[in-house]
Structures are given as C-alpha cells and as structure tokens.
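Participant: What follows is work26.tsv, TSV, C-alpha atoms and all ligand atoms.
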```tsv
chain	number	residue	atom	x	y	z
A	1	MET	CA	8.89	-14.10	-43.55
A	2	SER	CA	11.89	-15.68	-41.93
A	3	ASP	CA	13.25	-13.83	-38.94
A	4	ALA	CA	16.96	-13.91	-38.10
A	5	PHE	CA	16.09	-13.92	-34.41
A	6	GLU	CA	14.31	-17.26	-34.60
A	7	SER	CA	17.74	-18.88	-34.30
A	8	LEU	CA	17.60	-17.70	-30.70
A	9	ILE	CA	15.13	-20.14	-29.21
A	10	GLY	CA	13.20	-19.13	-26.12
A	11	GLY	CA	9.77	-17.83	-25.24
A	12	CYS	CA	10.28	-16.43	-21.74
A	13	ALA	CA	9.48	-12.75	-21.24
A	14	ALA	CA	13.13	-11.74	-20.92
A	15	MET	CA	14.04	-13.39	-24.22
A	16	GLU	CA	11.02	-11.85	-25.98
A	17	ARG	CA	12.06	-8.41	-24.76
A	18	LEU	CA	15.62	-9.00	-25.84
A	19	ARG	CA	14.59	-10.09	-29.35
A	20	ASP	CA	12.32	-7.04	-29.68
A	21	ARG	CA	15.10	-4.68	-28.74
A	22	ALA	CA	17.62	-6.44	-30.97
A	23	ARG	CA	15.22	-6.32	-33.90
A	24	ARG	CA	14.76	-2.57	-33.47
A	25	ILE	CA	18.48	-1.76	-33.42
A	26	ALA	CA	19.69	-4.34	-35.96
A	27	GLU	CA	19.33	-2.05	-38.97
A	28	THR	CA	21.00	0.94	-37.33
A	29	PRO	CA	24.78	1.42	-37.56
A	30	LEU	CA	25.07	1.65	-33.75
A	31	PRO	CA	27.67	-0.46	-31.95
A	32	VAL	CA	26.21	-3.17	-29.72
A	33	LEU	CA	27.57	-4.63	-26.50
A	34	ILE	CA	26.30	-8.12	-25.70
A	35	LYS	CA	26.59	-9.29	-22.11
A	36	GLY	CA	25.88	-12.64	-20.55
A	37	GLU	CA	27.41	-15.63	-18.81
A	38	THR	CA	29.26	-18.28	-20.80
A	39	GLY	CA	27.07	-20.35	-23.11
A	40	THR	CA	24.06	-18.00	-23.02
A	41	GLY	CA	24.10	-17.44	-26.80
A	42	LYS	CA	26.10	-14.24	-27.23
A	43	GLU	CA	27.52	-15.34	-30.55
A	44	VAL	CA	24.14	-16.59	-31.81
A	45	LEU	CA	22.68	-13.18	-30.97
A	46	ALA	CA	25.55	-11.30	-32.64
A	47	ARG	CA	25.04	-13.31	-35.83
A	48	ALA	CA	21.30	-12.70	-35.74
A	49	VAL	CA	21.87	-8.94	-35.38
A	50	HIS	CA	24.09	-9.08	-38.46
A	51	ASP	CA	21.66	-11.23	-40.46
A	52	ALA	CA	18.81	-8.84	-39.64
A	53	SER	CA	20.89	-5.75	-40.39
A	54	GLY	CA	20.62	-6.01	-44.16
A	55	ARG	CA	24.34	-5.31	-44.39
A	56	ARG	CA	25.94	-6.69	-47.55
A	57	GLY	CA	29.35	-7.46	-46.09
A	58	ALA	CA	30.49	-10.44	-44.05
A	59	PHE	CA	30.08	-11.32	-40.38
A	60	VAL	CA	33.66	-11.58	-39.13
A	61	ALA	CA	34.09	-13.08	-35.66
A	62	VAL	CA	37.28	-12.35	-33.71
A	63	ASP	CA	38.07	-13.94	-30.38
A	64	CYS	CA	40.10	-11.24	-28.65
A	65	ALA	CA	41.29	-13.74	-26.03
A	66	ALA	CA	42.78	-16.01	-28.70
A	67	LEU	CA	44.74	-13.41	-30.66
A	68	THR	CA	48.54	-13.76	-30.45
A	69	PRO	CA	49.72	-10.65	-28.54
A	70	SER	CA	52.60	-9.93	-30.90
A	71	LEU	CA	50.47	-10.32	-34.03
A	72	VAL	CA	47.19	-8.92	-32.83
A	73	GLU	CA	47.61	-5.48	-34.35
A	74	SER	CA	48.38	-6.77	-37.82
A	75	GLU	CA	45.72	-9.47	-37.59
A	76	LEU	CA	43.11	-6.84	-36.88
A	77	PHE	CA	44.27	-3.90	-38.93
A	78	GLY	CA	46.45	-5.56	-41.58
A	79	HIS	CA	49.93	-4.48	-42.61
A	80	VAL	CA	51.86	-3.18	-45.59
A	81	ARG	CA	54.76	-4.90	-47.26
A	82	GLY	CA	57.96	-4.59	-45.27
A	83	ALA	CA	56.19	-3.47	-42.09
A	84	PHE	CA	58.05	-6.17	-40.17
A	85	THR	CA	60.21	-9.22	-40.86
A	86	GLY	CA	58.16	-11.69	-42.83
A	87	ALA	CA	55.68	-9.13	-44.18
A	88	ALA	CA	56.37	-9.94	-47.82
A	89	ARG	CA	53.27	-8.23	-49.19
A	90	ASP	CA	50.39	-5.99	-48.17
A	91	ARG	CA	47.77	-7.87	-46.22
A	92	ASP	CA	44.28	-6.90	-45.17
A	93	GLY	CA	43.28	-7.53	-41.59
A	94	LEU	CA	40.01	-8.67	-40.07
A	95	VAL	CA	38.64	-5.13	-39.93
A	96	ALA	CA	38.94	-4.82	-43.70
A	97	ALA	CA	37.31	-8.24	-44.11
A	98	ALA	CA	34.26	-6.87	-42.28
A	99	ARG	CA	33.87	-3.94	-44.71
A	100	ASP	CA	30.14	-3.18	-45.12
A	101	GLY	CA	29.52	-6.02	-42.70
A	102	THR	CA	29.87	-6.71	-38.98
A	103	LEU	CA	33.00	-7.12	-36.90
A	104	PHE	CA	32.16	-9.31	-33.90
A	105	LEU	CA	34.70	-8.75	-31.14
A	106	ASP	CA	34.22	-11.63	-28.73
A	107	GLU	CA	35.77	-11.45	-25.23
A	108	ILE	CA	36.34	-7.71	-25.74
A	109	ALA	CA	37.61	-7.32	-22.15
A	110	GLU	CA	40.77	-9.21	-23.21
A	111	LEU	CA	41.76	-6.67	-25.86
A	112	PRO	CA	45.19	-5.19	-24.93
A	113	ARG	CA	45.22	-1.49	-23.93
A	114	ALA	CA	47.16	-0.36	-27.01
A	115	LEU	CA	44.60	-1.96	-29.28
A	116	GLN	CA	41.74	-0.38	-27.34
A	117	THR	CA	43.03	3.01	-28.45
A	118	ARG	CA	43.03	1.94	-32.08
A	119	LEU	CA	39.62	0.40	-31.78
A	120	LEU	CA	38.28	3.65	-30.35
A	121	ARG	CA	39.37	5.42	-33.49
A	122	LEU	CA	37.67	2.81	-35.64
A	123	VAL	CA	34.43	3.13	-33.68
A	124	GLN	CA	34.50	6.93	-33.62
A	125	GLU	CA	35.69	7.71	-37.11
A	126	GLY	CA	35.47	4.51	-39.10
A	127	THR	CA	39.18	4.70	-39.88
A	128	TRP	CA	42.27	2.66	-39.11
A	129	ARG	CA	45.91	2.48	-40.11
A	130	PRO	CA	47.45	-0.84	-41.19
A	131	VAL	CA	50.79	-1.62	-39.51
A	132	GLY	CA	53.57	0.25	-41.33
A	133	ALA	CA	51.16	2.28	-43.48
A	134	ASP	CA	51.31	6.08	-43.77
A	135	ALA	CA	47.67	6.63	-44.58
A	136	HIS	CA	44.46	5.67	-42.86
A	137	GLU	CA	41.87	3.44	-44.42
A	138	ARG	CA	38.18	3.99	-44.08
A	139	ALA	CA	35.24	1.63	-44.21
A	140	ASP	CA	31.74	1.14	-42.93
A	141	VAL	CA	32.14	-1.57	-40.30
A	142	ARG	CA	29.49	-2.30	-37.67
A	143	ILE	CA	30.98	-3.29	-34.33
A	144	VAL	CA	29.32	-5.85	-32.09
A	145	ALA	CA	31.30	-6.72	-28.96
A	146	ALA	CA	30.64	-9.40	-26.35
A	147	THR	CA	31.87	-10.17	-22.87
A	148	TRP	CA	30.94	-12.23	-19.83
A	149	LYS	CA	33.00	-9.91	-17.66
A	150	ASP	CA	31.68	-6.82	-15.91
A	151	LEU	CA	33.16	-4.28	-18.32
A	152	GLN	CA	32.32	-1.35	-16.08
A	153	GLY	CA	34.28	-3.11	-13.35
A	154	GLU	CA	37.19	-3.48	-15.79
A	155	VAL	CA	36.97	0.29	-16.39
A	156	ARG	CA	37.06	0.97	-12.64
A	157	GLU	CA	40.11	-1.29	-12.27
A	158	GLY	CA	41.84	0.61	-15.06
A	159	ARG	CA	41.99	-2.33	-17.45
A	160	PHE	CA	39.52	-1.00	-19.99
A	161	ARG	CA	39.33	2.47	-21.52
A	162	GLU	CA	36.32	4.34	-20.26
A	163	ASP	CA	35.76	6.27	-23.49
A	164	LEU	CA	35.80	3.03	-25.48
A	165	TYR	CA	33.37	1.44	-23.05
A	166	HIS	CA	30.88	4.28	-23.52
A	167	ARG	CA	31.22	4.10	-27.29
A	168	LEU	CA	30.68	0.34	-27.42
A	169	ALA	CA	27.87	0.25	-24.90
A	170	VAL	CA	25.51	2.58	-26.79
A	171	VAL	CA	23.18	-0.39	-27.07
A	172	GLU	CA	23.53	-3.09	-24.42
A	173	LEU	CA	21.86	-6.44	-24.88
A	174	GLU	CA	22.02	-8.76	-21.90
A	175	LEU	CA	21.31	-12.47	-22.25
A	176	PRO	CA	19.75	-13.94	-19.12
A	177	ALA	CA	21.31	-17.01	-17.49
A	178	LEU	CA	19.50	-20.22	-18.41
A	179	ARG	CA	18.42	-20.79	-14.78
A	180	ASP	CA	16.44	-17.52	-14.99
A	181	ARG	CA	14.54	-18.49	-18.14
A	182	GLY	CA	11.82	-20.63	-16.57
A	183	GLU	CA	9.99	-22.79	-19.11
A	184	ASP	CA	12.68	-22.22	-21.72
A	185	VAL	CA	14.75	-25.01	-20.18
A	186	ARG	CA	12.12	-27.47	-21.40
A	187	LEU	CA	11.74	-25.81	-24.77
A	188	LEU	CA	15.49	-25.85	-25.38
A	189	ALA	CA	15.86	-29.40	-24.05
A	190	GLU	CA	13.23	-30.66	-26.54
A	191	HIS	CA	14.81	-28.66	-29.32
A	192	PHE	CA	18.31	-30.00	-28.74
A	193	LEU	CA	17.08	-33.54	-28.19
A	194	HIS	CA	15.51	-33.38	-31.65
A	195	THR	CA	18.39	-31.72	-33.45
A	196	GLU	CA	21.03	-33.93	-31.80
A	197	SER	CA	19.04	-37.12	-32.47
A	198	LYS	CA	18.51	-36.10	-36.07
A	199	ARG	CA	22.21	-35.47	-36.47
A	200	LEU	CA	22.82	-39.04	-35.30
A	201	GLY	CA	20.02	-40.48	-37.44
A	202	ARG	CA	18.07	-41.61	-34.36
A	203	THR	CA	14.55	-41.22	-33.06
A	204	PRO	CA	14.59	-38.75	-30.17
A	205	PRO	CA	14.06	-40.54	-26.85
A	206	LYS	CA	11.19	-39.51	-24.55
A	207	LEU	CA	12.10	-37.74	-21.33
A	208	SER	CA	10.26	-38.61	-18.12
A	209	HIS	CA	8.38	-35.90	-16.19
A	210	ARG	CA	10.74	-36.48	-13.32
A	211	LEU	CA	13.67	-35.68	-15.61
A	212	PHE	CA	12.09	-32.47	-16.93
A	213	ASN	CA	11.43	-31.29	-13.39
A	214	HIS	CA	15.00	-32.10	-12.51
A	215	LEU	CA	16.36	-30.13	-15.49
A	216	ASP	CA	14.29	-27.13	-14.33
A	217	LYS	CA	15.99	-27.19	-10.95
A	218	LEU	CA	19.62	-27.50	-12.08
A	219	SER	CA	21.75	-24.36	-11.91
A	220	TRP	CA	23.35	-24.73	-15.39
A	221	PRO	CA	26.61	-22.85	-14.90
A	222	GLY	CA	27.42	-23.56	-18.57
A	223	ASN	CA	23.97	-22.35	-19.62
A	224	VAL	CA	22.52	-23.27	-23.03
A	225	ARG	CA	25.74	-24.88	-24.22
A	226	GLU	CA	25.73	-27.20	-21.22
A	227	LEU	CA	22.09	-28.12	-21.79
A	228	ARG	CA	22.84	-28.85	-25.42
A	229	HIS	CA	25.71	-31.16	-24.48
A	230	ALA	CA	23.51	-32.95	-21.95
A	231	MET	CA	20.87	-33.56	-24.63
A	232	ALA	CA	23.51	-34.83	-27.06
A	233	TYR	CA	24.52	-37.29	-24.34
A	234	LEU	CA	20.92	-38.46	-23.91
A	235	ALA	CA	20.42	-38.76	-27.66
A	236	VAL	CA	22.75	-41.77	-27.79
A	237	VAL	CA	20.65	-43.95	-25.45
A	238	PRO	CA	19.08	-46.98	-27.20
A	239	GLN	CA	16.24	-46.30	-29.67
A	240	GLY	CA	12.78	-45.88	-28.24
A	241	ALA	CA	13.99	-45.80	-24.65
A	242	ARG	CA	12.42	-43.58	-22.02
A	243	VAL	CA	15.09	-41.56	-20.30
A	244	ASP	CA	15.26	-40.65	-16.66
A	245	ILE	CA	17.52	-38.79	-14.23
A	246	ASP	CA	19.92	-41.73	-13.94
A	247	ASP	CA	20.67	-41.51	-17.66
A	248	LEU	CA	22.11	-37.99	-17.31
A	249	PRO	CA	25.85	-37.45	-17.17
A	250	PRO	CA	26.81	-38.12	-13.50
A	251	ARG	CA	27.58	-34.47	-12.83
A	252	LEU	CA	24.00	-33.48	-13.58
A	253	ARG	CA	22.26	-36.20	-11.58
A	254	ARG	CA	22.53	-34.41	-8.27
A	255	LEU	CA	20.86	-31.09	-7.60
A	256	THR	CA	23.21	-29.81	-4.94
A	257	ALA	CA	26.28	-28.22	-6.40
A	258	ALA	CA	29.50	-29.97	-5.40
A	259	PRO	CA	31.13	-28.05	-2.55
A	260	VAL	CA	34.01	-25.83	-3.61
A	261	LEU	CA	37.13	-26.87	-1.73
A	262	GLY	CA	39.95	-24.42	-2.12
A	263	PRO	CA	43.00	-24.29	0.15
A	264	ASP	CA	44.50	-20.87	0.76
A	265	VAL	CA	47.45	-19.68	-1.28
A	266	ARG	CA	50.40	-18.88	1.00
A	267	THR	CA	52.18	-15.87	-0.45
A	268	ASP	CA	54.38	-15.73	2.63
A	269	LEU	CA	56.31	-18.78	1.33
A	270	PRO	CA	58.64	-19.11	-1.69
A	271	TYR	CA	56.76	-20.30	-4.78
A	272	LEU	CA	57.82	-23.98	-4.78
A	273	GLU	CA	57.17	-24.34	-1.08
A	274	ALA	CA	53.79	-22.59	-1.38
A	275	ARG	CA	52.85	-24.88	-4.24
A	276	ARG	CA	53.76	-28.01	-2.25
A	277	VAL	CA	51.75	-26.88	0.76
A	278	TRP	CA	48.80	-25.99	-1.47
A	279	LEU	CA	48.88	-29.31	-3.35
A	280	ASP	CA	49.14	-31.32	-0.12
A	281	ALA	CA	46.15	-29.49	1.30
A	282	PHE	CA	44.22	-29.93	-1.94
A	283	GLN	CA	44.88	-33.68	-2.07
A	284	ALA	CA	43.92	-34.13	1.53
A	285	ARG	CA	40.67	-32.20	1.21
A	286	TYR	CA	39.75	-33.81	-2.07
A	287	VAL	CA	40.30	-37.35	-0.89
A	288	GLN	CA	38.61	-36.73	2.46
A	289	ALA	CA	35.50	-35.32	0.76
A	290	LEU	CA	35.53	-38.07	-1.84
A	291	LEU	CA	35.70	-40.82	0.78
A	292	ASP	CA	32.96	-39.16	2.83
A	293	GLU	CA	30.77	-39.12	-0.26
A	294	HIS	CA	31.38	-42.82	-0.89
A	295	GLY	CA	30.97	-43.97	2.69
A	296	GLY	CA	34.69	-44.74	2.99
A	297	ASN	CA	34.59	-47.23	0.09
A	298	VAL	CA	38.00	-46.79	-1.55
A	299	SER	CA	37.14	-48.71	-4.75
A	300	ALA	CA	33.99	-46.68	-5.39
A	301	ALA	CA	35.81	-43.44	-4.62
A	302	ALA	CA	38.66	-44.34	-6.98
A	303	ARG	CA	36.23	-45.15	-9.78
A	304	ALA	CA	34.31	-41.89	-9.34
A	305	ALA	CA	37.47	-39.77	-9.28
A	306	GLY	CA	39.27	-41.63	-12.04
A	307	LEU	CA	42.14	-42.34	-9.65
A	308	ASP	CA	44.09	-45.44	-8.81
A	309	ARG	CA	43.04	-47.14	-5.51
A	310	ARG	CA	46.63	-47.03	-4.33
A	311	THR	CA	46.82	-43.28	-4.84
A	312	ILE	CA	43.77	-42.81	-2.66
A	313	GLN	CA	45.15	-45.17	-0.06
A	314	ARG	CA	48.46	-43.34	-0.01
A	315	ILE	CA	46.79	-39.95	0.51
A	316	ARG	CA	44.45	-41.43	3.10
A	317	GLY	CA	47.47	-42.86	4.88
A	318	ARG	CA	48.88	-39.36	5.11
A	319	LEU	CA	45.54	-38.08	6.42
A	320	LEU	CA	45.48	-40.74	9.14
A	321	ASP	CA	49.08	-39.92	10.11
A	322	ALA	CA	48.17	-36.25	10.40
A	323	ASP	CA	45.16	-37.16	12.55
A	324	GLY	CA	47.40	-39.24	14.77
A	325	GLN	CA	49.75	-36.29	15.25
A	326	ASP	CA	46.86	-34.04	16.17
A	327	ASP	CA	45.88	-36.43	18.93
A	328	ASP	CA	49.30	-36.32	20.55
B	1	LIG	N1	18.65	-19.32	-27.44
B	1	LIG	C1	19.32	-20.30	-28.08
B	1	LIG	N2	18.71	-21.08	-28.98
B	1	LIG	C2	19.37	-22.06	-29.62
B	1	LIG	N3	20.66	-22.37	-29.41
B	1	LIG	C3	21.33	-21.62	-28.53
B	1	LIG	C4	20.70	-20.54	-27.83
B	1	LIG	N4	21.61	-19.99	-27.01
B	1	LIG	C5	22.75	-20.68	-27.18
B	1	LIG	N5	22.60	-21.66	-28.09
B	1	LIG	C6	23.62	-22.65	-28.46
B	1	LIG	O1	24.46	-22.81	-27.31
B	1	LIG	C7	25.84	-22.84	-27.67
B	1	LIG	C8	26.56	-21.67	-27.05
B	1	LIG	O2	26.14	-20.45	-27.67
B	1	LIG	P1	27.16	-19.25	-27.93
B	1	LIG	O3	28.45	-19.77	-28.47
B	1	LIG	O4	26.46	-18.21	-28.72
B	1	LIG	O5	27.36	-18.78	-26.42
B	1	LIG	P2	28.30	-17.64	-25.84
B	1	LIG	O6	27.47	-16.80	-24.94
B	1	LIG	O7	29.00	-16.97	-26.98
B	1	LIG	O8	29.32	-18.48	-24.97
B	1	LIG	P3	30.84	-18.12	-24.54
B	1	LIG	O9	30.75	-16.98	-23.57
B	1	LIG	O10	31.31	-19.37	-23.85
B	1	LIG	O11	31.58	-17.79	-25.79
B	1	LIG	C9	25.85	-22.86	-29.18
B	1	LIG	O12	25.89	-24.20	-29.57
B	1	LIG	C10	24.54	-22.21	-29.58
B	1	LIG	O13	24.12	-22.66	-30.81
B	2	MG	MG	31.04	-16.93	-27.46
```
I'd like the structure from this file rewritten - as structure tokens, please.

Facilitator:
Amino acid sequence: MSDAFESLIGGCAAMERLRDRARRIAETPLPVLIKGETGTGKEVLARAVHDASGRRGAFVAVDCAALTPSLVESELFGHVRGAFTGAARDRDGLVAAARDGTLFLDEIAELPRALQTRLLRLVQEGTWRPVGADAHERADVRIVAATWKDLQGEVREGRFREDLYHRLAVVELELPALRDRGEDVRLLAEHFLHTESKRLGRTPPKLSHRLFNHLDKLSWPGNVRELRHAMAYLAVVPQGARVDIDDLPPRLRRLTAAPVLGPDVRTDLPYLEARRVWLDAFQARYVQALLDEHGGNVSAAARAAGLDRRTIQRIRGRLLDADGQDDD
C-alpha cells in the first residue's frame, strides 16, 4: 500500500512521530497548523495530509504573503458581477476551488486582519460571502495553515486574532529543523543526489566520508531545501568523480557561520543622513572583515566578494584615512 507520508523522507524519531500523528489526523476534518523553519517541508507535509485524507476535492495552495492586498478578499472568497470596477461576471475564489478538498494557507501570519475575521467564519461555520454578494456560500473545506513565525507571539503583539489562532491550532504539527534530525541529513543527501542526478541523466557521484561528516555538522539555515540545492550543485561534477568538501558551494565549505556584521540604525538622524551613515559603516565593516579573511590580498578579496578591486581600494582608502584621524 502506498503511503502519502512517504514523500516526507526521514527516519529520525521526531519525523517518525510526526508522520504517525499526521496519519492519525489526516482523515478527520480538523484544521491543522504546520510550524517549522523555512525549507523544512511544510508544504510537502500539507500535501501529504491532503493525499491521505481521502477527500475528493483539490489541494489548493495559497501564499498569503503573495496575495495583492487590494485583491486578496476577492481572490480568496470570489466576487459577484458588478462588485467592483472590472468585475464583469461572477467569479469563484480559491475557497470555492477547494470545495471538498483542502485549502492550504501558507504564511498564514501575513493574512491581513480584516481577512482573519472572514477566515474565522469559514473555519467555524464553513461559510463565506463573495465580495458584493448578499448571501453566504457553504462548502466543506479543510483548512491547513503553515507559518515559520511564532503565531502565539503574533497574537500577543496584536497582529493575529486569538480566536482564529485557537481554531487553526487544534492540531499542531511541528517540523524539526534539519540540524536536529541526526542521520536524516545523510539519508536526504543520498536521496537528493540520486534524484538530481537522474534529472540530469547522470550517474550520481560518490561522496567521501569526510564530506558526509561535514554535512552532518553544518547548521543548514535553509534546511531541506538548502540541502537539496547543495546536492543539485554536486550532481553536475564530472561523471564517476568522488566528491569532497572542496566541491561544495563555497558558502558550505566552512563550518563556522560567517559573522553577522550589522551597523546600528540611527533614528536620531533624518532618513537620508541615517542611510548614508549606515551604508558607510556597512561598507567599512564589510571590507575590513573581507580583507582580514583574505590576509589583506585585495585581488582575492575582490574575487570572493564579486567586487571590483578599485572599489575595495577606495573603501580601504577611507578606512585608512579614518584610522589616521583616530591617531591624531
Ligand atoms: N522530508 C522531506 N523529504 C523530501 N523532500 C523534502 C522534505 N522536506 C522538504 N523537502 C523538499 O525541500 C524543499 C522545501 O520544502 P517545502 O517547500 O515543503 O518547505 P517549506 O517548509 O514550505 O518552506 P518555506 O517556509 O520556505 O515555504 C522542497 O523541494 C521539498 O520537496
Ligand atoms: Mg512553503
């Protein structure tokens, strides 16, 4: 028997538990809230919940962050003819398209307040009113929402309706970050190396032990998506080659995360002035750190940063001037 949750690869205990829970709630009509950092597989999980639900209707994915603010209401709930300029005929929205299926609301934290109220009604009563319509429509629509944000925090800050939060979070499924999945890094790396190589019509290269150990230790801020991209990158090395750490994209070769260098934002200055001060400080810090990293070699630094040598020299000149002033 094929299992919808097999699309979610991973054998670590946390993923096994998650799949078990998801399997048990898939066939119920309960709303589901999926949490997890970017690239952890929230959409894959949402799809799997739908596929395992036995629901006849479609899986309709909506990115709440990408909806045009002025059109969002009609995109979601549809409109009737004449509801606004340009509404030449009745049009169903995405909610209606998910009739008897699943409406996947991605980045739910970005849904504007006014729409949160309408969504609450849909979740509570299964009804909605198209823009300009007198009557409500009704349908069986299963809601699955996803967010990487702390939705409870959004509630505390007053950006997200508390009642809607409680309705959506009846079942919470949390995807662990890739760095917390232990052996799964290897499993996923092998998997993606195979699928990406196959896509390119190549034989998957062999990864050295050193490389596998290195992948285990990386922090993977972009999670599974980032790992997949890294494997796609490795899949284009020459046929039959054995790949090692040096073959990784440069960003992933080093274990230590690059230091975060952020100058302070000066709200005590007018905007343009604050921006100039901020940019000057940014350039200075960036170039200083870059040159330190490359032992003062301007050519190597320019290559690594994708900058012109003269640009680096100019900024360095400013740095030296500033140093000189300090000494006075
Ligand atoms: N467990 C997994 N097994 C196989 N592929 C996975 C798994 N998790 C994620 N992926 C793949 O990683 C990529 C990102 O997954 P997905 O789009 O579901 O992440 P997301 O959590 O929705 O990310 P974002 O928050 O950025 O929208 C996709 O290419 C997906 O196929
Ligand atoms: Mg997503």

Participant: Quick one: distance from CA of Leu111 (chain A) to CA of Cys64 (chain A) in Å, one decimal?

Facilitator: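 So the answer is 5.6 Å.
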
Participant: Could you give me, as a ChimeraX atom specification, the residues within 12 Å of Ala26 (chain A), counting all atoms listed in the file and dropping anything in the same chain fewer than 2 positions from it?

Facilitator: /A:3-5,18-24,28-32,45-55,102,142-144,171,173

Participant: Just the residues within 10 Å of region 231-246 of chain A, please, counting only C-alpha atoms, with nothing from its chain fewer than 3 positions along; format it as a PyMOL selection string.

Facilitator: chain A and resi 188-215+225-228+249-250+252-254

Participant: If you keep C-alpha atoms, can you produce a file of those selected residues as an mmCIF file, in the frame of the given file?

Facilitator:
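Produced file part.cif, reproduced below:
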```
data_model
loop_
_atom_site.group_PDB
_atom_site.id
_atom_site.type_symbol
_atom_site.label_atom_id
_atom_site.label_comp_id
_atom_site.auth_asym_id
_atom_site.auth_seq_id
_atom_site.Cartn_x
_atom_site.Cartn_y
_atom_site.Cartn_z
ATOM 1 C CA LEU A 188 15.490 -25.850 -25.380
ATOM 2 C CA ALA A 189 15.860 -29.400 -24.050
ATOM 3 C CA GLU A 190 13.230 -30.660 -26.540
ATOM 4 C CA HIS A 191 14.810 -28.660 -29.320
ATOM 5 C CA PHE A 192 18.310 -30.000 -28.740
ATOM 6 C CA LEU A 193 17.080 -33.540 -28.190
ATOM 7 C CA HIS A 194 15.510 -33.380 -31.650
ATOM 8 C CA THR A 195 18.390 -31.720 -33.450
ATOM 9 C CA GLU A 196 21.030 -33.930 -31.800
ATOM 10 C CA SER A 197 19.040 -37.120 -32.470
ATOM 11 C CA LYS A 198 18.510 -36.100 -36.070
ATOM 12 C CA ARG A 199 22.210 -35.470 -36.470
ATOM 13 C CA LEU A 200 22.820 -39.040 -35.300
ATOM 14 C CA GLY A 201 20.020 -40.480 -37.440
ATOM 15 C CA ARG A 202 18.070 -41.610 -34.360
ATOM 16 C CA THR A 203 14.550 -41.220 -33.060
ATOM 17 C CA PRO A 204 14.590 -38.750 -30.170
ATOM 18 C CA PRO A 205 14.060 -40.540 -26.850
ATOM 19 C CA LYS A 206 11.190 -39.510 -24.550
ATOM 20 C CA LEU A 207 12.100 -37.740 -21.330
ATOM 21 C CA SER A 208 10.260 -38.610 -18.120
ATOM 22 C CA HIS A 209 8.380 -35.900 -16.190
ATOM 23 C CA ARG A 210 10.740 -36.480 -13.320
ATOM 24 C CA LEU A 211 13.670 -35.680 -15.610
ATOM 25 C CA PHE A 212 12.090 -32.470 -16.930
ATOM 26 C CA ASN A 213 11.430 -31.290 -13.390
ATOM 27 C CA HIS A 214 15.000 -32.100 -12.510
ATOM 28 C CA LEU A 215 16.360 -30.130 -15.490
ATOM 29 C CA ARG A 225 25.740 -24.880 -24.220
ATOM 30 C CA GLU A 226 25.730 -27.200 -21.220
ATOM 31 C CA LEU A 227 22.090 -28.120 -21.790
ATOM 32 C CA ARG A 228 22.840 -28.850 -25.420
ATOM 33 C CA PRO A 249 25.850 -37.450 -17.170
ATOM 34 C CA PRO A 250 26.810 -38.120 -13.500
ATOM 35 C CA LEU A 252 24.000 -33.480 -13.580
ATOM 36 C CA ARG A 253 22.260 -36.200 -11.580
ATOM 37 C CA ARG A 254 22.530 -34.410 -8.270
#
```

Participant: Using CA of Arg309 (chain A) and CA of Leu290 (chain A) as the two end points, give the distance in Å to one decimal.

Facilitator: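 Going from CA of Arg309 (chain A) over to CA of Leu290 (chain A) covers 12.3 Å.
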
Participant: Which of these, A:Thr147, A:Glu162, A:Glu137, A:Phe84, has the shortest distance to Thr117 (chain A) once you count only C-alpha atoms?

Facilitator: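 Closest residue, counting only C-alpha atoms: A:Glu162.
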
Participant: Given a cut-off of 9 Å, what residues near ligand MG 2 (chain B) show up using all atoms listed in the file, put as a ChimeraX atom specification?

Facilitator: /A:38-44,63,106-107,146-148

Participant: Neighbours of region 8-14 of chain A within 6 Å (only C-alpha atoms; same-chain residues fewer than 3 positions away dropped), as a list in words?

Facilitator: Phe5, Arg17, Arg181 and Asp184 of chain A

Participant: Find the residue from A:Arg113, A:Arg186, A:Arg318, A:His229 that sits nearest to ligand LIG 1 (chain B); use all atoms listed in the file when measuring.

Facilitator: A:His229

Participant: Around all the atoms of ligand LIG 1 (chain B) listed in the file, with 8 Å of room on each side, what axis-aligned box do you get, giving centre and edge lengths in Å to one decimal, as lines of an AutoDock Vina configuration file?

Facilitator:
```
center_x = 25.1
center_y = -20.5
center_z = -27.2
size_x = 28.9
size_y = 23.4
size_z = 23.2
```

Participant: Quick one: distance from CA of Ala301 (chain A) to CA of Leu320 (chain A) in Å, one decimal?

Facilitator: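 According to the coordinates, CA of Ala301 (chain A) and CA of Leu320 (chain A) are separated by 17.0 Å.
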
Participant: Have a look at A:Leu103, A:Ala177, A:Val123, A:Ala135 and name the one nearest to ligand LIG 1 (chain B); count only C-alpha atoms and all ligand atoms.

Facilitator: A:Ala177

Participant: Looking at A:Gln313, A:Ser299, A:Thr68, A:Ser7, which one is nearest to ligand LIG 1 (chain B), with distances taken over all atoms listed in the file?

Facilitator: A:Ser7
